[in-house]
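The structure under discussion appears below in the form of structure tokens.
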Amino acid sequence: MHKTGVIGMARRANLFPGLAGHFRFEYLAIATIVLTYGLIVLGGAVRATDSGTACPDWPLCHGQVLPRLEGHVLIEYSHRLVASIVGLLIFATAIWAWRRNRNDSLVRGAALLATVLLVAQVLVGAATVDTETNASVVALHLSIALTLLATLIVLGLADSRSYIETPKDLPVLPVVVALGAFALVISGAYVSQEGAGLAYPDWPLFNGKLVSAGGRLADLHYAHRLLAAGLGVLMLALASTTWRRQKRPVVIMAVTVAVGIYIAQVFVGAANIWFTLATPLRILHLALASALWAVLAFTSAWSYLIPGTRKPTT
């Protein structure tokens, strides 16, 4: 059942009248999503430069609010400072979306989830310092960050609808592909944090072979590459289905961008091995992986939330 946007628009206009006159919710949502993505990349820079323990305490750094910003401390402290700003933006976005859409269960749920994930992320971030960047804690920290990013994307799209709609069919393939990308990113975090990035010095083979030679680090590296190959198959299926059957330009463009990011990600992953884990390449690798996850999350959310028709199957 559809409701016209007249009621929704009137309701939104009456909330935050002073703020709405100078700033639109959509701008805040987009800024929050972009900065959350940037924070994830900055977190990757912290790991790639081995700066995760530069501030051995939390929330202070070497017992100070403003420590001497030198070397690794500057990188880690910048991450904490940006995280504080992004946290405030996420909280503001969730509250504003909830206030604008009290009767929309999807928006309320996404706003609540974003708030819960934000709190969890802060606590796990502190645990990351306390455990001296334990691989499992780092992977959990990244998992929450990626989930939070996807939640913000869903929240922004759900709030921007001009009517309230209950979607019927979940876009299974886009969701499966997105989950595959999520698994790939997290496995990459384990590979990096456990020091398995150069378990095999060649690419695409493994010491000249197609199978793992065995051993914990070698198997971890091998599993990451297998996940990458599996995701490639899923990406091909998604692209083929979308380009043949999808009618909505936004979905087609998003999938096309995702394919481009995936291809770039494969070559950057290979370059990490060829250039022995050069720091800029490690950061770029995570940046592309996170961007792929975000685009696939957007594709899934748009396909689910924004109505449209599909081309008939031929």
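Ligands are numbered from 1 in the order shown, residues from 1 within each chain, and chains are lettered A, B, ... in the order they appear in the structure tokens.
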
Ala158 in chain A surroundings by only C-alpha atoms, 8 Å radius, close-in-sequence under 4 positions cut, as a list of chain:residue names: A:Leu106, A:Val107, A:Val154, A:Leu305

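Residues within 10 Å of Leu112 in chain A, counting only C-alpha atoms and excluding same-chain residues fewer than 5 positions away, are Phe91, Ala94, Ile95, Trp98, Leu106, Val107, Leu117, Leu118 and Thr151 of chain A.
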
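The space separating CA of Val46 in chain A from CA of Glu76 in chain A comes to 6.0 Å.
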
Test item: residues at most 12 Å from Gly232 in chain A, only C-alpha atoms, excluding those fewer than 6 positions along its chain, as a VMD selection string: chain A and resid 177 to 178 180 to 181 184 225 to 226 238 to 239 258 to 266

Shell around Ile75 in chain A at 8 Å using only C-alpha atoms, local window under 2 positions removed, as a ChimeraX atom specification: /A:45-46,51,71-73,77-79

C-alpha atoms of the current selection, written as a tab-separated table (two decimals), in the first residue's frame:
chain	number	residue	atom	x	y	z
A	45	ALA	CA	46.13	3.49	7.41
A	46	VAL	CA	46.60	3.02	11.16
A	51	SER	CA	50.32	2.77	14.46
A	71	GLY	CA	55.07	9.92	13.71
A	72	HIS	CA	52.77	7.04	14.56
A	73	VAL	CA	51.09	8.99	17.36
A	77	TYR	CA	45.47	10.30	17.29
A	78	SER	CA	44.05	11.61	14.00
A	79	HIS	CA	41.99	8.43	13.74

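Among the candidate residues A:Lys209, A:Arg68, A:Arg47, A:His224, the one lying nearest to Ile186 in chain A is A:His224, with distances computed using only C-alpha atoms.
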
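Minimum atom-to-atom distances from A:Leu123, A:Leu140, A:Val116, A:Ala271 to Leu284 in chain A were compared using only C-alpha atoms, and the lowest value belongs to A:Ala271.
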
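Of the listed residues (A:Ala29, A:Ser136, A:Leu146, A:Arg80), A:Ala29 comes nearest to Ala97 in chain A; the distances count only C-alpha atoms.
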
DSSP-assigned helix (DSSP H, G or I) members of range 167-214 of chain A, reported as number ranges by chain: A: 172-193

With C-alpha atoms retained, could you export that selection as a short mmCIF file (atom, residue, chain, number, x, y, z; two decimals), in the first residue's frame?
data_model
loop_
_atom_site.label_atom_id
_atom_site.label_comp_id
_atom_site.auth_asym_id
_atom_site.auth_seq_id
_atom_site.Cartn_x
_atom_site.Cartn_y
_atom_site.Cartn_z
CA VAL A 172 18.72 -12.12 -2.98
CA LEU A 173 21.63 -12.01 -5.45
CA PRO A 174 22.80 -8.46 -4.60
CA VAL A 175 22.62 -9.31 -0.90
CA VAL A 176 24.59 -12.55 -1.37
CA VAL A 177 27.26 -10.73 -3.38
CA ALA A 178 27.47 -8.00 -0.74
CA LEU A 179 27.91 -10.60 1.99
CA GLY A 180 30.64 -12.21 -0.09
CA ALA A 181 32.43 -8.87 -0.28
CA PHE A 182 32.02 -8.47 3.48
CA ALA A 183 33.61 -11.86 4.11
CA LEU A 184 36.47 -10.99 1.77
CA VAL A 185 37.22 -7.73 3.58
CA ILE A 186 37.22 -9.38 7.00
CA SER A 187 39.41 -12.25 5.82
CA GLY A 188 41.79 -9.63 4.44
CA ALA A 189 41.94 -8.01 7.87
CA TYR A 190 42.96 -11.34 9.36
CA VAL A 191 45.58 -11.87 6.66
CA SER A 192 47.05 -8.44 7.31
CA GLN A 193 46.93 -8.54 11.10
#

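Neighbours of Val82 in chain A closer than or equal to 9 Å, with only C-alpha atoms counted and sequence neighbours fewer than 6 positions away skipped, come out as A:Leu35, A:Leu39, A:Leu42.
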
Expected file: the selected residues, C-alpha atoms, as a compact mmCIF listing (two decimals), in the first residue's frame:
# COMPACT_ATOMS: atom_id res chain seq x y z
CA LEU A 35 33.05 10.45 6.44
CA LEU A 39 37.20 6.79 8.84
CA LEU A 42 41.95 5.97 7.98

Nearest to Ser84 in chain A by atom-to-atom distance, counting only C-alpha atoms, from A:Trp96, A:Thr53, A:Val251, A:Val122: A:Val122

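The neighbours of Ala127 in chain A here are the residues that come within 12 Å of it, using only C-alpha atoms and leaving out any residue fewer than 6 positions away in the same chain; they are Gly52, Thr53, Pro56, Asp57, Trp58, Pro59, Ala120, Gln121, Thr133, Asn134, Ala135, Ser136, Val137, Val138, Ala139, Leu140 and His141 of chain A.
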